[in-house]
file upload-v8.cif (mmCIF, C-alpha atoms and all ligand atoms)
data_input
loop_
_atom_site.label_atom_id
_atom_site.label_comp_id
_atom_site.auth_asym_id
_atom_site.auth_seq_id
_atom_site.Cartn_x
_atom_site.Cartn_y
_atom_site.Cartn_z
CA MET T 1 25.80 -151.54 122.60
CA ARG T 2 25.56 -147.80 123.15
CA ILE T 3 23.52 -145.12 121.42
CA LEU T 4 23.54 -141.36 121.98
CA HIS T 5 20.15 -139.60 121.77
CA THR T 6 20.27 -135.93 120.73
CA SER T 7 17.89 -133.59 118.90
CA ASP T 8 17.29 -130.00 117.83
CA TRP T 9 20.84 -129.01 116.91
CA HIS T 10 19.36 -126.09 114.93
CA LEU T 11 22.60 -125.48 113.04
CA GLY T 12 22.53 -121.94 111.65
CA ARG T 13 20.45 -120.55 114.52
CA THR T 14 21.20 -117.12 115.95
CA PHE T 15 20.54 -115.92 119.50
CA PHE T 16 18.75 -112.57 119.12
CA GLY T 17 20.92 -111.89 116.09
CA VAL T 18 24.17 -113.21 117.64
CA ASP T 19 25.81 -115.95 115.56
CA LEU T 20 26.00 -119.30 117.40
CA HIS T 21 28.30 -121.05 114.92
CA ARG T 22 31.24 -121.23 117.35
CA ALA T 23 29.01 -122.65 120.07
CA HIS T 24 27.68 -125.26 117.64
CA ALA T 25 31.20 -126.20 116.54
CA ALA T 26 32.30 -126.52 120.18
CA PHE T 27 29.26 -128.67 120.97
CA LEU T 28 29.96 -131.01 118.06
CA ASP T 29 33.60 -131.36 119.16
CA PHE T 30 32.24 -132.30 122.59
CA LEU T 31 29.80 -134.76 121.01
CA VAL T 32 32.55 -136.51 119.01
CA ASP T 33 34.77 -136.65 122.13
CA THR T 34 31.88 -138.16 124.12
CA VAL T 35 31.25 -140.73 121.40
CA VAL T 36 34.90 -141.80 121.41
CA ASP T 37 35.36 -141.75 125.21
CA SER T 38 32.10 -143.57 125.96
CA GLU T 39 32.46 -146.03 123.05
CA VAL T 40 29.16 -145.05 121.47
CA ASP T 41 28.06 -147.07 118.41
CA ALA T 42 25.40 -144.76 116.98
CA VAL T 43 24.29 -141.12 117.31
CA LEU T 44 20.64 -140.07 116.86
CA VAL T 45 19.39 -136.60 115.90
CA ALA T 46 15.60 -136.58 116.35
CA GLY T 47 14.84 -133.69 113.99
CA ASP T 48 15.70 -130.00 113.55
CA VAL T 49 19.24 -130.69 112.43
CA TYR T 50 19.23 -127.27 110.82
CA ASP T 51 17.39 -124.15 111.91
CA ARG T 52 15.95 -123.42 108.49
CA ALA T 53 15.18 -124.95 105.14
CA ILE T 54 18.18 -123.31 103.46
CA PRO T 55 20.97 -123.35 106.07
CA PRO T 56 24.08 -121.14 105.91
CA GLN T 57 27.00 -122.70 104.03
CA GLU T 58 29.12 -122.95 107.21
CA SER T 59 26.33 -124.93 108.89
CA LEU T 60 26.25 -127.41 106.01
CA GLU T 61 30.02 -127.75 106.23
CA LEU T 62 29.85 -128.29 110.00
CA PHE T 63 27.31 -131.09 109.62
CA ASP T 64 29.31 -132.65 106.79
CA ALA T 65 32.56 -132.56 108.80
CA THR T 66 30.86 -134.00 111.91
CA ALA T 67 29.24 -136.82 109.92
CA GLN T 68 32.62 -137.66 108.38
CA ARG T 69 34.31 -137.76 111.80
CA LEU T 70 31.64 -140.09 113.20
CA LEU T 71 31.52 -142.42 110.21
CA ALA T 72 35.34 -142.58 110.07
CA ALA T 73 35.22 -143.79 113.69
CA GLY T 74 32.77 -146.53 112.68
CA VAL T 75 29.83 -144.76 114.34
CA HIS T 76 26.40 -144.71 112.69
CA LEU T 77 24.60 -141.37 112.43
CA VAL T 78 20.79 -141.49 112.28
CA VAL T 79 19.03 -138.25 111.33
CA SER T 80 15.35 -137.43 110.80
CA SER T 81 13.77 -134.18 109.67
CA GLY T 82 12.10 -131.78 112.12
CA ASN T 83 9.68 -128.96 111.43
CA HIS T 84 12.60 -126.58 110.78
CA ASP T 85 14.31 -128.82 108.24
CA SER T 86 13.49 -129.04 104.56
CA PHE T 87 12.64 -132.72 104.21
CA MET T 88 13.53 -132.41 100.53
CA ARG T 89 16.98 -130.90 101.02
CA LEU T 90 17.93 -132.89 104.12
CA GLY T 91 16.83 -136.09 102.41
CA MET T 92 18.84 -135.48 99.23
CA GLY T 93 20.98 -138.51 98.38
CA ARG T 94 19.86 -140.45 101.47
CA ARG T 95 19.71 -143.78 99.61
CA LEU T 96 23.31 -143.23 98.47
CA VAL T 97 24.80 -142.41 101.87
CA ASP T 98 22.86 -145.03 103.82
CA PRO T 99 25.32 -147.90 103.18
CA ALA T 100 28.12 -145.67 104.52
CA GLY T 101 26.38 -145.39 107.91
CA LEU T 102 24.60 -142.03 107.52
CA HIS T 103 20.92 -142.94 107.87
CA VAL T 104 18.64 -140.06 106.89
CA ARG T 105 14.85 -140.42 107.17
CA THR T 106 12.67 -137.59 105.86
CA ARG T 107 9.66 -139.06 104.01
CA LEU T 108 6.47 -140.84 104.97
CA SER T 109 7.77 -143.78 102.97
CA ASP T 110 10.91 -143.80 105.17
CA ILE T 111 8.94 -144.57 108.34
CA ASP T 112 9.30 -148.32 107.99
CA TRP T 113 12.77 -148.14 106.46
CA ALA T 114 14.34 -149.92 109.43
CA ILE T 115 17.89 -149.42 110.69
CA PRO T 116 19.12 -152.60 112.42
CA LEU T 117 22.26 -151.76 114.41
CA ARG T 118 24.87 -153.83 116.18
CA ALA T 119 27.78 -152.96 118.44
CA ARG T 120 31.08 -152.45 116.62
CA ASP T 121 32.83 -154.98 118.84
CA SER T 122 30.12 -157.66 118.76
CA ARG T 123 31.38 -161.10 117.79
CA ASP T 124 28.58 -161.92 115.36
CA ASP T 125 26.68 -160.04 112.69
CA ASP T 126 23.38 -160.07 114.54
CA PRO T 127 21.92 -156.62 115.28
CA ALA T 128 21.16 -155.71 118.91
CA VAL T 129 18.44 -153.13 118.23
CA VAL T 130 16.29 -151.86 115.37
CA VAL T 131 15.84 -148.10 114.94
CA TYR T 132 12.87 -146.45 113.19
CA ALA T 133 13.06 -142.69 112.57
CA ILE T 134 9.71 -140.93 112.09
CA PRO T 135 10.18 -137.53 110.42
CA TYR T 136 8.12 -134.54 111.60
CA LEU T 137 4.53 -135.15 110.53
CA GLU T 138 2.49 -131.98 110.00
CA PRO T 139 -1.07 -133.26 110.57
CA GLY T 140 -2.55 -130.97 107.94
CA LEU T 141 -0.19 -132.31 105.28
CA VAL T 142 -0.22 -136.04 106.01
CA HIS T 143 -3.51 -137.00 107.67
CA ALA T 144 -5.22 -137.62 104.34
CA ARG T 145 -2.39 -139.88 103.18
CA PHE T 146 -2.88 -141.97 106.32
CA GLY T 147 -6.67 -141.71 106.17
CA VAL T 148 -6.88 -140.50 109.80
CA PRO T 149 -8.17 -137.35 111.58
CA ARG T 150 -6.07 -134.19 111.45
CA THR T 151 -4.40 -134.48 114.85
CA HIS T 152 -0.88 -135.21 116.08
CA THR T 153 -2.13 -138.23 117.98
CA ALA T 154 -3.79 -139.71 114.89
CA VAL T 155 -0.88 -139.23 112.48
CA LEU T 156 1.73 -140.37 115.01
CA GLY T 157 -0.48 -143.32 115.86
CA ALA T 158 -0.70 -144.27 112.19
CA ALA T 159 3.07 -143.96 111.83
CA MET T 160 3.62 -146.13 114.90
CA ASP T 161 1.19 -148.73 113.52
CA ARG T 162 3.51 -149.00 110.51
CA VAL T 163 6.56 -149.28 112.76
CA ARG T 164 4.98 -151.97 114.94
CA ALA T 165 3.81 -153.96 111.91
CA HIS T 166 7.22 -153.78 110.24
CA ALA T 167 9.10 -154.70 113.41
CA ALA T 168 6.78 -157.64 114.11
CA ALA T 169 7.23 -158.96 110.57
CA HIS T 170 10.97 -158.39 110.13
CA HIS T 171 12.65 -157.95 113.53
CA PRO T 172 10.43 -159.67 116.11
CA GLU T 173 13.46 -160.58 118.26
CA LEU T 174 14.85 -157.05 118.57
CA PRO T 175 14.01 -154.15 120.90
CA VAL T 176 12.51 -151.26 118.93
CA LEU T 177 13.99 -147.78 119.31
CA VAL T 178 11.81 -145.14 117.66
CA MET T 179 12.73 -141.52 116.92
CA ALA T 180 10.05 -138.84 116.51
CA HIS T 181 9.74 -135.07 116.34
CA ALA T 182 6.49 -134.14 118.05
CA PHE T 183 4.62 -132.65 121.00
CA VAL T 184 4.15 -135.51 123.41
CA ALA T 185 2.56 -135.26 126.85
CA GLY T 186 2.54 -137.95 129.48
CA GLY T 187 -0.50 -139.47 131.11
CA ALA T 188 0.06 -139.64 134.86
CA GLY T 189 3.10 -137.96 136.32
CA SER T 190 3.84 -135.26 133.78
CA GLU T 191 2.08 -132.23 135.21
CA SER T 192 4.81 -130.05 133.69
CA GLU T 193 3.20 -130.44 130.27
CA ARG T 194 0.22 -128.18 129.67
CA ASP T 195 -2.49 -129.36 127.38
CA ILE T 196 -2.72 -127.09 124.36
CA GLY T 197 -5.86 -128.30 122.64
CA ILE T 198 -6.04 -125.62 119.98
CA GLY T 199 -5.99 -125.45 116.20
CA GLY T 200 -4.26 -128.52 114.79
CA VAL T 201 -1.54 -128.37 117.46
CA GLY T 202 -2.54 -130.59 120.35
CA VAL T 203 -0.31 -133.07 122.08
CA ALA T 204 -0.02 -136.81 121.64
CA PRO T 205 0.02 -139.12 124.67
CA ALA T 206 3.17 -141.12 125.44
CA SER T 207 1.12 -144.30 124.96
CA VAL T 208 1.29 -143.70 121.19
CA PHE T 209 4.79 -145.26 121.44
CA ASP T 210 3.59 -148.48 123.08
CA GLY T 211 5.61 -151.41 121.83
CA ALA T 212 8.83 -149.43 121.54
CA ALA T 213 11.55 -150.11 124.11
CA TYR T 214 12.51 -146.42 123.92
CA ALA T 215 11.23 -143.29 122.17
CA ALA T 216 13.94 -140.71 121.39
CA LEU T 217 12.04 -137.47 120.98
CA GLY T 218 12.86 -134.08 119.54
CA HIS T 219 10.94 -130.77 119.27
CA LEU T 220 10.85 -129.48 122.86
CA HIS T 221 14.12 -127.78 123.76
CA ARG T 222 14.16 -128.53 127.47
CA PRO T 223 15.29 -132.03 128.40
CA GLN T 224 12.44 -134.00 129.98
CA ALA T 225 11.33 -137.54 130.60
CA ILE T 226 7.64 -138.03 129.75
CA THR T 227 7.98 -141.60 131.00
CA PRO T 228 11.23 -143.47 131.80
CA ALA T 229 11.25 -144.78 128.20
CA VAL T 230 9.84 -141.73 126.37
CA ARG T 231 12.25 -138.80 126.58
CA TYR T 232 13.24 -135.47 125.11
CA SER T 233 17.00 -134.91 125.04
CA GLY T 234 16.34 -131.19 124.46
CA SER T 235 18.50 -128.92 122.34
CA PRO T 236 22.25 -128.95 123.11
CA ILE T 237 22.43 -125.15 123.14
CA PRO T 238 19.97 -122.68 124.74
CA PHE T 239 18.10 -120.51 122.24
CA SER T 240 16.39 -118.17 124.71
CA PHE T 241 17.13 -116.60 128.10
CA THR T 242 14.59 -118.72 129.96
CA GLU T 243 15.90 -121.90 128.32
CA ALA T 244 19.38 -121.05 129.62
CA LEU T 245 18.14 -121.72 133.16
CA THR T 246 17.87 -125.47 132.49
CA PRO T 247 21.17 -127.35 132.03
CA LYS T 248 21.53 -129.05 128.64
CA GLN T 249 22.06 -132.76 128.15
CA MET T 250 22.35 -135.67 125.76
CA ILE T 251 21.05 -139.14 126.64
CA LEU T 252 23.26 -142.20 126.57
CA LEU T 253 21.30 -145.40 125.88
CA ASP T 254 22.70 -148.77 126.89
CA VAL T 255 21.09 -151.62 124.96
CA ASP T 256 21.30 -154.89 126.86
CA GLY T 257 19.10 -157.64 125.47
CA PRO T 258 15.52 -156.36 125.43
CA THR T 259 16.18 -153.43 127.78
CA ILE T 260 17.36 -149.94 126.93
CA THR T 261 18.71 -147.95 129.89
CA PRO T 262 18.98 -144.15 129.58
CA THR T 263 21.61 -142.03 131.35
CA ALA T 264 21.84 -138.24 131.03
CA VAL T 265 25.17 -136.76 129.90
CA PRO T 266 25.47 -133.09 130.89
CA VAL T 267 26.41 -130.77 128.04
CA PRO T 268 28.73 -127.89 129.01
CA GLU T 269 27.68 -124.31 128.38
CA PHE T 270 29.35 -123.26 125.14
CA THR T 271 27.81 -119.79 125.15
CA ALA T 272 27.49 -118.00 128.47
CA ILE T 273 23.96 -116.60 128.81
CA ALA T 274 22.83 -114.64 131.85
CA THR T 275 19.81 -112.74 133.10
CA LEU T 276 20.93 -110.08 135.59
CA ARG T 277 18.47 -108.40 137.94
CA GLY T 278 19.25 -105.43 140.14
CA THR T 279 19.60 -101.66 140.28
CA PHE T 280 21.64 -99.91 137.60
CA ALA T 281 24.46 -99.38 140.13
CA GLU T 282 24.44 -103.04 141.15
CA ILE T 283 24.53 -104.25 137.55
CA VAL T 284 27.47 -101.98 136.69
CA ALA T 285 29.35 -103.11 139.80
CA GLY T 286 29.03 -106.79 138.84
CA ALA T 287 29.44 -106.37 135.08
CA ALA T 288 33.06 -107.52 134.73
CA GLU T 289 32.06 -111.10 135.51
CA HIS T 290 29.64 -111.12 132.54
CA ALA T 291 31.76 -109.26 129.99
CA GLU T 292 31.87 -112.37 127.74
CA SER T 293 28.21 -113.35 128.19
CA LEU T 294 25.03 -112.73 126.25
CA VAL T 295 23.01 -110.77 128.77
CA ALA T 296 19.45 -109.71 129.56
CA VAL T 297 19.23 -107.01 132.23
CA GLU T 298 16.15 -106.41 134.39
CA LEU T 299 16.54 -103.11 136.23
CA THR T 300 14.80 -102.74 139.57
CA ASP T 301 15.36 -98.96 139.84
CA PRO T 302 12.06 -97.23 140.70
CA GLU T 303 12.77 -94.57 138.06
CA ARG T 304 14.15 -94.74 134.54
CA VAL T 305 17.94 -94.34 134.36
CA ASP T 306 19.16 -91.82 131.76
CA GLY T 307 20.98 -93.48 128.87
CA ALA T 308 20.93 -96.87 130.63
CA LEU T 309 21.23 -98.92 127.45
CA GLY T 310 24.32 -97.12 126.11
CA ARG T 311 26.02 -97.01 129.50
CA LEU T 312 25.39 -100.68 130.18
CA ARG T 313 26.64 -101.66 126.71
CA GLN T 314 30.02 -100.14 127.60
CA VAL T 315 30.49 -102.63 130.44
CA LEU T 316 28.34 -105.47 129.01
CA PRO T 317 29.19 -105.79 125.29
CA GLY T 318 26.85 -108.80 125.01
CA LEU T 319 23.80 -106.91 126.29
CA ILE T 320 20.82 -108.01 124.21
CA ARG T 321 17.75 -107.00 126.19
CA LEU T 322 17.00 -104.34 128.78
CA SER T 323 13.78 -104.05 130.75
CA TYR T 324 12.53 -102.42 133.95
CA LEU T 325 11.00 -104.41 136.77
CA ARG T 326 9.20 -102.07 139.10
CA ALA T 327 8.63 -103.00 142.74
CA GLY T 328 5.01 -103.92 141.96
CA ASP T 329 6.09 -106.34 139.23
CA LEU T 330 8.54 -108.01 141.59
CA GLY T 331 5.81 -108.39 144.20
CA GLN T 332 3.54 -110.09 141.70
CA LEU T 333 6.05 -112.88 141.18
CA GLU T 334 5.33 -113.94 144.76
CA LEU T 335 1.52 -114.06 144.42
CA PRO T 336 0.18 -117.04 146.38
CA ASP T 337 -2.01 -118.16 143.45
CA ALA T 338 0.93 -118.28 141.00
CA ALA T 339 0.63 -122.07 140.82
CA ALA T 340 -3.06 -121.81 140.00
CA ALA T 341 -2.28 -119.23 137.32
CA ALA T 342 0.34 -121.51 135.78
CA ALA T 343 -2.18 -124.34 135.63
CA ARG T 344 -4.63 -122.31 133.53
CA SER T 345 -4.79 -122.98 129.82
CA ASP T 346 -3.55 -120.41 127.31
CA GLY T 347 -7.15 -119.77 126.26
CA GLU T 348 -8.21 -119.06 129.86
CA VAL T 349 -5.29 -116.68 130.36
CA PHE T 350 -6.26 -114.85 127.17
CA THR T 351 -9.95 -114.47 128.00
CA ALA T 352 -9.11 -113.29 131.53
CA PHE T 353 -6.70 -110.76 130.04
CA VAL T 354 -9.32 -109.39 127.63
CA GLU T 355 -11.85 -109.05 130.47
CA ASP T 356 -9.29 -107.32 132.64
CA VAL T 357 -8.33 -104.80 129.96
CA THR T 358 -11.70 -104.11 128.32
CA GLY T 359 -14.18 -104.86 131.10
CA ARG T 360 -16.21 -107.17 128.82
CA ALA T 361 -16.04 -110.82 127.83
CA ALA T 362 -13.73 -111.84 124.99
CA ARG T 363 -15.52 -112.17 121.63
CA ARG T 364 -15.47 -115.34 119.57
CA GLY T 365 -13.50 -113.64 116.77
CA GLU T 366 -10.85 -112.45 119.23
CA ILE T 367 -10.45 -115.93 120.68
CA ASP T 368 -10.17 -117.42 117.18
CA ARG T 369 -7.48 -114.95 116.16
CA PHE T 370 -5.56 -115.56 119.39
CA GLU T 371 -5.65 -119.34 118.92
CA THR T 372 -4.50 -119.08 115.31
CA ALA T 373 -1.63 -116.76 116.25
CA LEU T 374 -0.58 -118.93 119.20
CA ALA T 375 -0.62 -122.10 117.09
CA ALA T 376 1.58 -120.41 114.48
CA ALA T 377 3.97 -119.11 117.15
CA LEU T 378 4.29 -122.54 118.79
CA ARG T 379 5.04 -124.16 115.44
CA GLU T 380 7.79 -121.64 114.73
CA ASP T 381 9.19 -121.65 118.22
CA ALA T 382 9.79 -125.32 118.82
MN MN T 401 13.38 -127.54 117.45
#

call {"tool": "encode", "arguments": {"input": "upload-v8.cif", "output": "C-alpha cells"}}
result
Amino acid sequence: MRILHTSDWHLGRTFFGVDLHRAHAAFLDFLVDTVVDSEVDAVLVAGDVYDRAIPPQESLELFDATAQRLLAAGVHLVVSSGNHDSFMRLGMGRRLVDPAGLHVRTRLSDIDWAIPLRARDSRDDDPAVVVYAIPYLEPGLVHARFGVPRTHTAVLGAAMDRVRAHAAAHHPELPVLVMAHAFVAGGAGSESERDIGIGGVGVAPASVFDGAAYAALGHLHRPQAITPAVRYSGSPIPFSFTEALTPKQMILLDVDGPTITPTAVPVPEFTAIATLRGTFAEIVAGAAEHAESLVAVELTDPERVDGALGRLRQVLPGLIRLSYLRAGDLGQLELPDAAAAAARSDGEVFTAFVEDVTGRAARRGEIDRFETALAAALREDA
C-alpha cells in the first residue's frame, strides 16, 4: 500500500503580507492529482495544517474541500496538530469524523489512538500498517503529565514509550509508522543540524523513534532525511526567500510487508519567488522575467540609488524587500573560515558579536535575554 507524507501546509499563511491562498489551492489540486495518479491509500499531515489558531474562513473551506475530495476517493487523511494549530479547534469533532476516514489527533490521550490502515485494493480486511500520530508536545505544558524532565527528548520519549507499548500489545505483526511535530537531530551523519541547547528548545535524537519502521516528521520547513527512516517532508510552499532556494517535496511511502520505502515527489513552484542580486541597471534590465514573482533585490551599487524602491516597483510589482550589498559585504561571503563560522553555536555567535561591538565580554543578563528571545523566535518561526 501507499502513503503520502506531508507536513506544514500552514493554510492561511502570508508571504511578507502577500496572500498565499492561490498557491495553497494549487498545491492541494496537485496533491489530489498525485494521490489519484500514484494510487495513494492515505495522506499524512504531520502538524501545522493551519498557520494560526483561528484560520481565515477561506483556509477552513480549502481544508474541508480537500478532505472531502480525498475521502470521496477512498483515501484516508491523517492529521495531527503542530505548534501553529489550535489543538482544541483542529480536534473539534474528531471522534465523529474518524469513521469516515478523517483521522485527527490533537491530544495527549490521542497518542495511542492507533490508525490501522490497509490498501484499498487488498483482498482481505487485514491492515498493512499501523499509524500513530503524536501531536506537537510543548515540553513546558506536558512534561508534568508524563512525569519526565522538561525537554523535547523526554516528552517525545515518553510519547514513543506509549506508542511502542500499544503497538506491542495490539498490533505486534504490523510495521509502525509514527507522525510527530518536533525538532529532531540525527546522531552520526546529520551535520546539517545545529545543536540548539537553549531554554526549553533543544533537539531530540532520531533514536527516540526506535521501533518505528518510519517516522514522518513535521516542523522544519526544508525537506531532510535525519536517517533513511526518519524524515522531514518540509512545507509544500516556501515561506521565506532563503527557503525558496530548496526545492519542495512530498514523500511517497511504499509499505511492503515490514518495510517502508520512501521516495521523494517534487512539488512544483506555485508561487515564483526570486532573490535578484546586481546593480540597479542590471536589475532593471532583467526585470521583465520576474514581473510575476515575489522578489527580494540586493543592490551591489557602491552608492545609494535615488528613489530605487519606487523605480524598481514599477518594473517589479512583486518587490518585497530591497537591500544594499556593498563590495565589502560581498567579499565577506567568501571568507575562508565561513564553514567554521557556520559550525559555531548561536550562543557563541552572540557573545563574539557583543565583544566585537562593545569591546568587552557579554554579560550574563545579555546572554539570558538573547537565549530567551531566540527560543521564542524559533518557536514562532518553525
Ligand atoms: Mn511549521

call {"tool": "atom_distance", "arguments": {"input": "upload-v8.cif", "atom1": "atom CA of Phe239 of chain T", "atom2": "atom CA of Ala133 of chain T"}}
result
24.7 Å

call {"tool": "residues_around", "arguments": {"input": "upload-v8.cif", "residues": "Gly17 of chain T", "least_positions_apart": "6", "cutoff": "12 Å", "atoms": "all atoms listed in the file", "output": "ChimeraX atom specification"}}
result
/T:239-240,294,318-321

call {"tool": "write_last_selection", "arguments": {"input": "upload-v8.cif", "atoms": "C-alpha atoms", "output": "PDB file, keeping the file's coordinate frame"}}
result
ATOM      1  CA  PHE T 239      18.100-120.510 122.240  1.00  0.00           C
ATOM      2  CA  SER T 240      16.390-118.170 124.710  1.00  0.00           C
ATOM      3  CA  LEU T 294      25.030-112.730 126.250  1.00  0.00           C
ATOM      4  CA  GLY T 318      26.850-108.800 125.010  1.00  0.00           C
ATOM      5  CA  LEU T 319      23.800-106.910 126.290  1.00  0.00           C
ATOM      6  CA  ILE T 320      20.820-108.010 124.210  1.00  0.00           C
ATOM      7  CA  ARG T 321      17.750-107.000 126.190  1.00  0.00           C
TER       8      ARG T 321
END

call {"tool": "closest_residue", "arguments": {"input": "upload-v8.cif", "among": "T:Val49, T:Val97, T:Leu252, T:Val32", "to": "Val75 of chain T", "atoms": "only C-alpha atoms"}}
result
T:Val32

call {"tool": "residues_near_ligand", "arguments": {"input": "upload-v8.cif", "ligand": "ligand MN 401 (chain T)", "cutoff": "10 Å", "atoms": "all atoms listed in the file", "output": "mmCIF file with C-alpha atoms, in the coordinates of the input"}}
result
data_model
loop_
_atom_site.group_PDB
_atom_site.id
_atom_site.type_symbol
_atom_site.label_atom_id
_atom_site.label_comp_id
_atom_site.auth_asym_id
_atom_site.auth_seq_id
_atom_site.Cartn_x
_atom_site.Cartn_y
_atom_site.Cartn_z
ATOM 1 C CA SER T 7 17.890 -133.590 118.900
ATOM 2 C CA ASP T 8 17.290 -130.000 117.830
ATOM 3 C CA TRP T 9 20.840 -129.010 116.910
ATOM 4 C CA HIS T 10 19.360 -126.090 114.930
ATOM 5 C CA ALA T 46 15.600 -136.580 116.350
ATOM 6 C CA GLY T 47 14.840 -133.690 113.990
ATOM 7 C CA ASP T 48 15.700 -130.000 113.550
ATOM 8 C CA VAL T 49 19.240 -130.690 112.430
ATOM 9 C CA TYR T 50 19.230 -127.270 110.820
ATOM 10 C CA ASP T 51 17.390 -124.150 111.910
ATOM 11 C CA GLY T 82 12.100 -131.780 112.120
ATOM 12 C CA ASN T 83 9.680 -128.960 111.430
ATOM 13 C CA HIS T 84 12.600 -126.580 110.780
ATOM 14 C CA ASP T 85 14.310 -128.820 108.240
ATOM 15 C CA HIS T 181 9.740 -135.070 116.340
ATOM 16 C CA ALA T 182 6.490 -134.140 118.050
ATOM 17 C CA GLY T 218 12.860 -134.080 119.540
ATOM 18 C CA HIS T 219 10.940 -130.770 119.270
ATOM 19 C CA LEU T 220 10.850 -129.480 122.860
ATOM 20 C CA HIS T 221 14.120 -127.780 123.760
ATOM 21 C CA GLY T 234 16.340 -131.190 124.460
ATOM 22 C CA SER T 235 18.500 -128.920 122.340
ATOM 23 C CA PHE T 239 18.100 -120.510 122.240
ATOM 24 C CA ARG T 379 5.040 -124.160 115.440
ATOM 25 C CA GLU T 380 7.790 -121.640 114.730
ATOM 26 C CA ASP T 381 9.190 -121.650 118.220
ATOM 27 C CA ALA T 382 9.790 -125.320 118.820
#

call {"tool": "atom_distance", "arguments": {"input": "upload-v8.cif", "atom1": "atom CA of Ala73 of chain T", "atom2": "atom CA of Ala119 of chain T"}}
result
12.7 Å

call {"tool": "closest_residue", "arguments": {"input": "upload-v8.cif", "among": "T:Val129, T:Met88, T:Leu31, T:Ala53", "to": "Asp254 of chain T", "atoms": "only C-alpha atoms"}}
result
T:Val129

call {"tool": "closest_residue", "arguments": {"input": "upload-v8.cif", "among": "T:Ser323, T:Ser81, T:Ser122, T:Ser86", "to": "Ile134 of chain T", "atoms": "all atoms listed in the file"}}
result
T:Ser81

call {"tool": "atom_distance", "arguments": {"input": "upload-v8.cif", "atom1": "atom CA of Lys248 of chain T", "atom2": "atom CA of Arg222 of chain T"}}
result
7.5 Å

call {"tool": "closest_residue", "arguments": {"input": "upload-v8.cif", "among": "T:Arg164, T:Arg2, T:His76, T:Arg326", "to": "Val45 of chain T", "atoms": "all atoms listed in the file"}}
result
T:His76

call {"tool": "axis_aligned_box", "arguments": {"input": "upload-v8.cif", "around": "segment 98-101 of chain T", "padding_each_side": "3 Å", "output": "AutoDock Vina command-line options"}}
result
--center_x 25.5 --center_y -146.5 --center_z 105.5 --size_x 11.3 --size_y 8.9 --size_z 10.7

call {"tool": "residues_around", "arguments": {"input": "upload-v8.cif", "residues": "Ser233 of chain T", "least_positions_apart": "5", "cutoff": "7 Å", "atoms": "all atoms listed in the file", "output": "VMD selection string"}}
result
chain T and resid 5 to 7 217 to 218 223 to 224 249 to 251

call {"tool": "residues_near_point", "arguments": {"input": "upload-v8.cif", "point": "(12.5, -147.2, 112.0)", "cutoff": "7 Å", "atoms": "all atoms listed in the file", "output": "list in words"}}
result
Ile111, Asp112, Trp113, Ala114, Ile115, Val130, Val131, Tyr132, Ala133, Ile134, Val163 and Val178 of chain T

call {"tool": "closest_residue", "arguments": {"input": "upload-v8.cif", "among": "T:Arg313, T:Arg69, T:Arg89, T:His170", "to": "Val295 of chain T", "atoms": "only C-alpha atoms"}}
result
T:Arg313

call {"tool": "closest_residue", "arguments": {"input": "upload-v8.cif", "among": "T:Leu77, T:Ala213, T:Leu70, T:Ala158", "to": "Asp29 of chain T", "atoms": "all atoms listed in the file"}}
result
T:Leu70
